[in-house]
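Novice: Enclosed is the structure file data.csv (CSV, C-alpha atoms and all ligand atoms).
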chain,number,residue,atom,x,y,z
P,1,MET,CA,107.3,104.4,-14.6
P,2,ILE,CA,108.8,107.2,-16.7
P,3,TRP,CA,108.3,109.6,-13.8
P,4,LEU,CA,110.6,107.5,-11.7
P,5,ARG,CA,113.4,108.1,-14.1
P,6,LEU,CA,112.8,111.8,-14.0
P,7,ILE,CA,113.3,112.0,-10.2
P,8,ASP,CA,116.9,112.8,-9.2
P,9,PHE,CA,117.3,110.6,-6.1
P,10,ARG,CA,120.7,112.0,-5.3
P,11,LEU,CA,119.2,115.5,-5.2
P,12,LEU,CA,116.4,114.3,-2.9
P,13,LEU,CA,118.9,112.6,-0.6
P,14,ASP,CA,121.1,115.7,-0.7
P,15,LEU,CA,118.1,117.9,0.3
P,16,LEU,CA,117.0,115.4,3.0
P,17,PHE,CA,120.4,115.3,4.6
P,18,ALA,CA,120.9,119.1,4.4
P,19,SER,CA,117.5,119.7,5.9
P,20,LEU,CA,118.2,117.2,8.7
P,21,LEU,CA,121.5,118.9,9.5
P,22,GLY,CA,119.9,122.3,9.4
P,23,LEU,CA,117.1,121.2,11.7
P,24,LEU,CA,119.6,119.6,14.1
P,25,LEU,CA,121.6,122.8,14.3
P,26,LEU,CA,118.6,125.0,14.7
P,27,GLY,CA,117.2,122.6,17.3
P,28,ARG,CA,120.4,123.0,19.5
P,29,VAL,CA,120.2,126.8,19.7
P,30,THR,CA,118.1,128.3,22.4
P,31,GLU,CA,119.3,131.9,22.4
P,32,ALA,CA,117.1,134.1,20.1
P,33,ARG,CA,120.0,136.2,18.6
P,34,THR,CA,122.1,133.2,17.8
P,35,LEU,CA,119.0,131.6,16.2
P,36,TRP,CA,118.5,134.6,13.9
P,37,LEU,CA,122.2,134.6,12.9
P,38,LEU,CA,122.1,130.8,12.2
P,39,ARG,CA,118.9,131.1,10.2
P,40,GLY,CA,120.3,134.0,8.1
P,41,TYR,CA,123.5,132.0,7.5
P,42,LEU,CA,121.7,128.8,6.5
P,43,PHE,CA,119.5,130.9,4.2
P,44,LEU,CA,122.6,132.4,2.5
P,45,VAL,CA,124.1,128.9,2.1
P,46,ALA,CA,120.9,127.6,0.5
P,47,LEU,CA,120.7,130.7,-1.8
P,48,ALA,CA,124.3,130.1,-2.9
P,49,TRP,CA,123.5,126.5,-3.7
P,50,PHE,CA,120.4,127.4,-5.6
P,51,VAL,CA,122.1,130.1,-7.7
P,52,GLN,CA,125.0,127.9,-8.5
P,53,ARG,CA,122.8,124.9,-9.5
P,54,TYR,CA,119.8,126.5,-11.2
P,55,ALA,CA,120.7,130.0,-12.4
P,56,ASN,CA,123.4,130.4,-15.0
P,57,LEU,CA,124.6,133.6,-13.4
P,58,PRO,CA,128.3,133.2,-12.7
P,59,LEU,CA,128.9,136.7,-11.3
P,60,THR,CA,125.9,136.6,-9.0
P,61,SER,CA,127.0,133.1,-7.9
P,62,SER,CA,130.5,134.4,-7.1
P,63,LEU,CA,129.1,137.3,-5.1
P,64,VAL,CA,126.8,135.1,-3.1
P,65,ASP,CA,129.7,132.6,-2.5
P,66,ALA,CA,131.9,135.5,-1.3
P,67,LEU,CA,129.1,136.6,1.0
P,68,VAL,CA,128.8,133.1,2.5
P,69,LEU,CA,132.6,133.0,3.0
P,70,ALA,CA,132.6,136.4,4.7
P,71,CYS,CA,129.8,135.3,7.0
P,72,SER,CA,131.5,132.0,7.7
P,73,LEU,CA,134.6,133.9,8.9
P,74,ALA,CA,132.5,136.3,11.0
P,75,LEU,CA,130.6,133.5,12.6
P,76,ALA,CA,133.8,131.4,13.2
P,77,ILE,CA,135.1,134.4,15.3
P,78,LEU,CA,131.8,135.0,17.0
P,79,TRP,CA,131.2,131.3,17.8
P,80,GLN,CA,134.7,130.2,18.4
P,81,GLY,CA,133.8,128.6,21.8
P,82,GLU,CA,130.8,126.7,20.4
P,83,LEU,CA,132.8,125.5,17.4
P,84,ARG,CA,135.7,124.4,19.6
P,85,ARG,CA,133.1,122.5,21.7
P,86,LEU,CA,131.6,120.9,18.6
P,87,MET,CA,135.0,119.7,17.4
P,88,GLU,CA,135.8,118.3,20.8
P,89,LEU,CA,132.5,116.4,20.7
P,90,LEU,CA,133.3,115.1,17.2
P,91,GLY,CA,136.9,114.2,18.2
P,92,THR,CA,135.9,112.4,21.4
P,93,GLY,CA,133.0,110.6,19.7
P,94,ARG,CA,130.4,112.1,22.0
P,95,LEU,CA,127.9,112.7,19.2
P,96,GLY,CA,125.0,111.6,21.4
P,97,VAL,CA,125.1,115.0,23.1
P,98,LEU,CA,123.9,116.6,19.8
P,99,PHE,CA,120.8,114.4,19.8
P,100,ALA,CA,120.2,114.5,23.6
P,101,ASP,CA,116.6,115.1,24.8
P,102,ARG,CA,116.0,118.7,25.4
P,103,SER,CA,113.0,118.6,27.7
P,104,ARG,CA,113.1,121.1,30.5
P,105,ASP,CA,112.1,119.3,33.6
P,106,GLN,CA,115.4,119.2,35.5
P,107,LEU,CA,116.0,121.7,38.3
P,108,ALA,CA,112.8,122.6,40.0
P,109,SER,CA,112.1,126.3,40.7
P,110,GLY,CA,112.1,125.5,44.5
P,111,SER,CA,115.8,124.6,44.1
P,112,VAL,CA,116.5,128.0,42.6
P,113,SER,CA,115.2,129.5,45.9
P,114,LEU,CA,117.3,127.1,48.0
P,115,LEU,CA,120.4,127.9,46.0
P,116,THR,CA,119.8,131.6,46.2
P,117,GLU,CA,119.2,131.4,50.0
P,118,ALA,CA,122.4,129.3,50.5
P,119,ALA,CA,124.4,131.7,48.3
P,120,GLY,CA,123.0,134.7,50.2
P,121,ARG,CA,123.9,133.2,53.6
P,122,LEU,CA,127.3,132.2,52.5
P,123,SER,CA,127.8,135.8,51.1
P,124,GLN,CA,126.7,137.3,54.4
P,125,ALA,CA,129.1,135.0,56.3
P,126,ARG,CA,131.9,135.8,53.8
P,127,CYS,CA,132.3,132.1,53.3
P,128,GLY,CA,134.0,131.4,49.9
P,129,ALA,CA,131.9,129.1,47.7
P,130,LEU,CA,131.7,127.8,44.2
P,131,ILE,CA,128.5,126.0,43.1
P,132,VAL,CA,128.3,124.4,39.7
P,133,LEU,CA,124.7,124.2,38.4
P,134,ASP,CA,124.3,121.8,35.5
P,135,LEU,CA,121.1,122.6,33.7
P,136,GLY,CA,121.7,120.0,31.0
P,137,SER,CA,125.1,120.0,29.6
P,138,ASP,CA,127.3,117.1,28.6
P,139,LEU,CA,129.5,117.3,31.6
P,140,ARG,CA,131.6,114.2,32.3
P,141,PRO,CA,134.1,113.5,35.2
P,142,GLU,CA,136.9,113.9,32.7
P,143,ASP,CA,135.8,117.5,32.2
P,144,PHE,CA,137.0,118.3,35.7
P,145,LEU,CA,140.6,118.4,36.8
P,146,ASN,CA,139.4,116.4,39.8
P,147,PRO,CA,135.8,115.1,40.0
P,148,GLY,CA,135.8,115.4,43.8
P,149,ILE,CA,133.9,113.2,46.2
P,150,ARG,CA,130.5,111.8,45.4
P,151,ILE,CA,127.7,113.1,47.7
P,152,ASP,CA,124.4,112.4,45.9
P,153,ALA,CA,122.2,114.1,48.5
P,154,HIS,CA,119.0,116.2,48.4
P,155,LEU,CA,119.7,119.8,47.8
P,156,SER,CA,119.4,121.7,51.1
P,157,VAL,CA,120.6,125.1,52.4
P,158,GLU,CA,122.0,123.5,55.5
P,159,LEU,CA,124.1,120.9,53.6
P,160,MET,CA,125.4,123.6,51.3
P,161,LEU,CA,126.5,125.7,54.2
P,162,ASN,CA,128.1,122.7,55.8
P,163,LEU,CA,130.0,121.8,52.7
P,164,PHE,CA,131.6,125.2,52.4
P,165,ALA,CA,132.3,125.7,56.1
P,166,VAL,CA,135.9,126.7,56.6
P,167,ASP,CA,138.2,124.0,57.9
P,168,THR,CA,136.0,121.1,56.7
P,169,PRO,CA,137.5,118.5,54.4
P,170,LEU,CA,135.3,119.4,51.4
P,171,HIS,CA,135.2,123.1,51.5
P,172,ASP,CA,137.9,123.6,48.9
P,173,GLY,CA,136.8,123.3,45.3
P,174,ALA,CA,133.2,123.4,43.8
P,175,VAL,CA,130.0,121.7,44.7
P,176,LEU,CA,128.2,120.1,41.7
P,177,VAL,CA,124.4,120.4,41.6
P,178,GLN,CA,122.4,118.4,39.1
P,179,LYS,CA,118.7,117.7,38.9
P,180,ASN,CA,117.9,118.9,42.4
P,181,ARG,CA,120.7,116.9,44.0
P,182,ILE,CA,124.1,117.7,45.3
P,183,VAL,CA,126.1,115.3,43.2
P,184,ALA,CA,129.7,116.0,44.4
P,185,ALA,CA,131.9,118.3,46.4
P,186,GLY,CA,135.5,119.2,46.3
P,187,VAL,CA,135.4,119.3,42.5
P,188,ILE,CA,138.3,121.0,40.8
P,189,LEU,CA,137.4,122.8,37.6
P,190,PRO,CA,139.5,123.9,34.7
P,191,LEU,CA,140.6,127.5,34.8
P,192,SER,CA,139.8,130.1,32.2
P,193,ARG,CA,142.7,131.9,30.5
P,194,GLN,CA,140.7,135.1,30.2
P,195,GLY,CA,140.9,137.7,33.0
P,196,LEU,CA,144.0,136.1,34.6
P,197,ASN,CA,145.0,139.5,35.9
P,198,ARG,CA,141.5,140.5,37.1
P,199,TYR,CA,140.3,137.5,39.0
P,200,GLY,CA,141.5,134.9,41.5
P,201,THR,CA,141.3,131.2,40.9
P,202,ARG,CA,137.8,130.6,42.3
P,203,HIS,CA,136.3,133.1,39.7
P,204,LEU,CA,138.6,131.8,36.9
P,205,ALA,CA,137.4,128.3,37.6
P,206,ALA,CA,133.8,129.4,37.3
P,207,MET,CA,134.6,131.1,34.0
P,208,GLY,CA,136.7,128.1,32.8
P,209,LEU,CA,133.9,125.6,33.2
P,210,THR,CA,131.1,127.7,31.8
P,211,GLU,CA,133.1,128.7,28.7
P,212,ARG,CA,133.4,125.1,27.9
P,213,HIS,CA,129.8,124.0,28.8
P,214,ASP,CA,126.8,126.1,27.7
P,215,GLY,CA,124.3,124.4,30.0
P,216,CYS,CA,126.4,125.1,33.1
P,217,PHE,CA,126.2,128.0,35.5
P,218,CYS,CA,128.5,128.8,38.4
P,219,ILE,CA,127.5,130.7,41.5
P,220,VAL,CA,130.6,132.2,43.1
P,221,VAL,CA,130.8,133.7,46.6
P,222,SER,CA,133.9,135.6,47.3
P,223,GLU,CA,135.6,134.8,50.5
P,224,GLU,CA,137.4,138.2,50.5
P,225,THR,CA,134.5,140.5,49.9
P,226,GLY,CA,131.3,138.3,50.2
P,227,THR,CA,130.4,139.4,46.6
P,228,LEU,CA,128.0,137.2,44.7
P,229,SER,CA,128.7,136.4,41.0
P,230,LEU,CA,127.1,134.2,38.4
P,231,ALA,CA,129.2,132.8,35.6
P,232,SER,CA,127.7,131.7,32.3
P,233,GLN,CA,129.3,131.1,28.9
P,234,GLY,CA,132.6,132.2,30.3
P,235,ARG,CA,131.4,135.5,31.5
P,236,LEU,CA,131.0,136.7,35.1
P,237,GLU,CA,128.1,138.9,36.1
P,238,ARG,CA,129.1,140.6,39.3
P,239,PRO,CA,128.4,142.0,41.8
P,240,ILE,CA,124.8,140.8,42.0
P,241,THR,CA,122.3,140.7,44.8
P,242,SER,CA,120.5,137.6,45.9
P,243,SER,CA,117.3,138.6,44.2
P,244,ARG,CA,119.2,139.3,40.9
P,245,LEU,CA,120.7,135.8,41.3
P,246,HIS,CA,117.3,134.4,41.7
P,247,ASP,CA,116.0,136.1,38.6
P,248,LEU,CA,119.0,135.1,36.5
P,249,LEU,CA,118.7,131.4,37.6
P,250,THR,CA,115.0,131.4,36.9
P,251,GLU,CA,115.7,132.8,33.5
P,252,ALA,CA,118.4,130.2,32.9
P,253,LEU,CA,116.1,127.4,34.0
P,254,ALA,CA,113.4,128.5,31.6
P,255,SER,CA,115.7,128.2,28.6
P,256,ALA,CA,117.9,125.3,29.6
P,257,PRO,CA,118.2,122.0,27.9
P,258,THR,CA,118.4,118.7,29.7
P,259,GLY,CA,121.5,116.5,29.5
P,260,ARG,CA,122.8,113.3,30.9
P,261,SER,CA,123.7,112.9,34.5
P,262,VAL,CA,127.4,112.9,35.5
P,263,ALA,CA,126.5,111.3,38.8
P,264,ALA,CA,126.7,107.7,37.6
P,265,ASP,CA,130.2,108.2,36.3
P,266,LEU,CA,131.7,109.8,39.4
P,267,PRO,CA,134.1,107.7,41.3
P,268,GLU,CA,133.3,106.9,45.0
P,269,HIS,CA,136.6,108.5,46.0
P,270,ARG,CA,139.1,110.9,44.6
P,271,GLY,CA,141.6,109.3,42.3
P,301,LIG,N1,140.2,125.1,39.8
P,301,LIG,C1,139.4,125.2,40.9
P,301,LIG,N2,138.2,124.6,41.0
P,301,LIG,C2,137.4,124.7,42.0
P,301,LIG,N3,137.7,125.5,43.0
P,301,LIG,C3,138.9,126.2,43.0
P,301,LIG,C4,139.7,126.1,41.9
P,301,LIG,N4,140.8,126.9,42.1
P,301,LIG,C5,140.6,127.5,43.3
P,301,LIG,N5,139.4,127.1,43.8
P,301,LIG,C6,138.8,127.5,45.1
P,301,LIG,O1,139.1,128.9,45.3
P,301,LIG,C7,139.9,129.1,46.5
P,301,LIG,C8,140.9,130.1,46.3
P,301,LIG,O2,140.3,131.2,45.8
P,301,LIG,P1,141.2,132.5,45.4
P,301,LIG,O3,141.3,133.4,46.6
P,301,LIG,O4,142.4,132.1,44.7
P,301,LIG,O5,140.2,133.1,44.3
P,301,LIG,P2,139.3,134.4,44.2
P,301,LIG,O6,138.7,134.3,42.9
P,301,LIG,O7,140.1,135.6,44.5
P,301,LIG,O8,138.2,134.1,45.3
P,301,LIG,P3,137.9,134.9,46.7
P,301,LIG,O9,137.3,136.2,46.2
P,301,LIG,O10,137.0,134.0,47.4
P,301,LIG,O11,139.2,135.1,47.4
P,301,LIG,C9,140.5,127.7,46.8
P,301,LIG,O12,140.7,127.6,48.2
P,301,LIG,C10,139.4,126.8,46.2
P,301,LIG,O13,138.5,126.5,47.2
Please lay out the structure from this file as structure tokens.
Specialist:
Amino acid sequence: MIWLRLIDFRLLLDLLFASLLGLLLLGRVTEARTLWLLRGYLFLVALAWFVQRYANLPLTSSLVDALVLACSLALAILWQGELRRLMELLGTGRLGVLFADRSRDQLASGSVSLLTEAAGRLSQARCGALIVLDLGSDLRPEDFLNPGIRIDAHLSVELMLNLFAVDTPLHDGAVLVQKNRIVAAGVILPLSRQGLNRYGTRHLAAMGLTERHDGCFCIVVSEETGTLSLASQGRLERPITSSRLHDLLTEALASAPTGRSVAADLPEHRG
């Protein structure tokens, strides 16, 4: 049993926890560029640890430490939105989101066609619209300024046109689509603080929600111009054609994680 004494259990535990944390972080990233950056950063951190622990090279160790610090600062600037979100999740105890199932079977591709057709027809009619497409985020009713009215209906072009028809009670605000269903209408989203001088509130609302929730996309139809836009990660792509919208949504669907449903938490009526 001498070999048992030679094993450093604390070191094993340390390596196990660090590997689990690394795998968890890598598992949450879907975008290729972000993944490369994260891999590079984790490699540098591991190198710094290795040099410090096993090589008696103080100057090299200081240089690698300085490199890790510089990269940490650069990534903190680059990923400020994601880091803010992570701190929000830690602060509100919603850690389950980090371990959520990431299978990709939510919005069917047929729904992308339905949404594109609805958006195209709303655009032609210059009927203002805002559709939130949740492809697997951790959205909760508290994330909205007002969670709106619960609908829970099959996604259809006709219902979408009806919901945004002018002078109907639910046309103001956004429609929330989750897992091929229209979950709610009249949803009021948080506004973005970017682009205050460039965009009106409908577009700012689309940016505001998507900058907070990576798995959310917002389709915006401008009432003024009929222009179609797609918001993701706080950025607006506009103007876009219906076919471009279809391509972007198909792409988004192919790389989207699945999250929990907000439907169950929505109140029957507006507070
Ligand atoms: N926070 C919000 N959440 C959801 N919808 C909102 C929000 N704020 C405004 N809207 C919707 O946007 C409409 C007002 O749009 P506004 O003209 O201010 O914005 P816009 O970006 O210029 O859009 P448009 O090009 O359609 O005029 C409201 O009537 C409402 O339906």
Novice: Between P:Ser156, P:Thr225, P:Asn180, P:Ser72, single out the one closest to ligand LIG 301 (chain P), counting only C-alpha atoms and all ligand atoms.
Specialist: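 Between P:Ser156, P:Thr225, P:Asn180, P:Ser72, the residue approaching ligand LIG 301 (chain P) most closely is P:Thr225.
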Novice: Could you list, as a ChimeraX atom specification, every residue within 10 Å of Thr116 of chain P, counting all atoms listed in the file and ignoring same-chain residues fewer than 4 positions away?
Specialist: /P:110-112,120-122,157,219,241-247,249
Novice: Throw together the list of residues within 8 Å of ligand LIG 301 (chain P), counting all atoms listed in the file, and drop it here as JSON, numbers by chain.
Specialist: {"P": [127, 128, 129, 130, 145, 171, 172, 173, 174, 186, 187, 188, 189, 190, 191, 199, 200, 201, 202, 203, 204, 205, 206, 220, 221, 222, 223, 224, 225, 226, 227]}
Novice: Work out how far atom CA of Met87 of chain P is from atom CA of Leu236 of chain P, in Å to one decimal.
Specialist: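 That distance, rounded to one decimal, is 24.9 Å.
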Novice: In Å to one decimal, how far is atom CA of Phe9 of chain P from atom CA of Leu67 of chain P?
Specialist: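 If I compute the distance from atom CA of Leu67 of chain P to atom CA of Phe9 of chain P, I get 29.4 Å.
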Novice: Neighbours of Trp49 of chain P within 12 Å (all atoms listed in the file; same-chain residues fewer than 4 positions away dropped), as JSON, numbers by chain?
Specialist: {"P": [11, 14, 15, 18, 42, 43, 44, 45, 53, 54, 55, 56, 60, 61, 62, 64, 65, 68]}
Novice: Restricting it to C-alpha atoms, dump the selection as an mmCIF file, in the coordinates of the input.
Specialist:
data_model
loop_
_atom_site.group_PDB
_atom_site.id
_atom_site.type_symbol
_atom_site.label_atom_id
_atom_site.label_comp_id
_atom_site.auth_asym_id
_atom_site.auth_seq_id
_atom_site.Cartn_x
_atom_site.Cartn_y
_atom_site.Cartn_z
ATOM 1 C CA LEU P 11 119.200 115.500 -5.200
ATOM 2 C CA ASP P 14 121.100 115.700 -0.700
ATOM 3 C CA LEU P 15 118.100 117.900 0.300
ATOM 4 C CA ALA P 18 120.900 119.100 4.400
ATOM 5 C CA LEU P 42 121.700 128.800 6.500
ATOM 6 C CA PHE P 43 119.500 130.900 4.200
ATOM 7 C CA LEU P 44 122.600 132.400 2.500
ATOM 8 C CA VAL P 45 124.100 128.900 2.100
ATOM 9 C CA ARG P 53 122.800 124.900 -9.500
ATOM 10 C CA TYR P 54 119.800 126.500 -11.200
ATOM 11 C CA ALA P 55 120.700 130.000 -12.400
ATOM 12 C CA ASN P 56 123.400 130.400 -15.000
ATOM 13 C CA THR P 60 125.900 136.600 -9.000
ATOM 14 C CA SER P 61 127.000 133.100 -7.900
ATOM 15 C CA SER P 62 130.500 134.400 -7.100
ATOM 16 C CA VAL P 64 126.800 135.100 -3.100
ATOM 17 C CA ASP P 65 129.700 132.600 -2.500
ATOM 18 C CA VAL P 68 128.800 133.100 2.500
#
Novice: If you count all atoms listed in the file, which residues fall within 9 Å of Phe217 of chain P, apart from same-chain ones fewer than 2 positions away, as a ChimeraX atom specification?
Specialist: /P:131-135,206,209-210,213-215,219,230-233,249,252
Novice: If you count all atoms listed in the file, which residues fall within 12 Å of Arg85 of chain P, apart from same-chain ones fewer than 2 positions away, as a PyMOL selection string?
Specialist: chain P and resi 79-83+87-92+94-95+97-98+137-139+143+209-214+233
Novice: Smallest atom-to-atom distance to Leu86 of chain P: which of P:Val177, P:Ala165, P:Leu159, P:Leu25, using only C-alpha atoms?
Specialist: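 Result for the nearest residue to Leu86 of chain P: P:Leu25.
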Novice: Enter the distance from atom CA of Ala32 of chain P to atom CA of Arg193 of chain P, in Å, rounded to one decimal.
Specialist: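 Distance between the two atoms: 27.7 Å.
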Novice: Report as a list in words all protein, DNA and RNA residues lying within 10 Å of Glu158 of chain P, evaluated on only C-alpha atoms, omitting residues in the same chain fewer than 3 positions from it.
Specialist: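 Residues near the query, excluding close chain neighbours: Leu114, Ala118, Leu155, Leu161, Asn162 and Leu163 of chain P.
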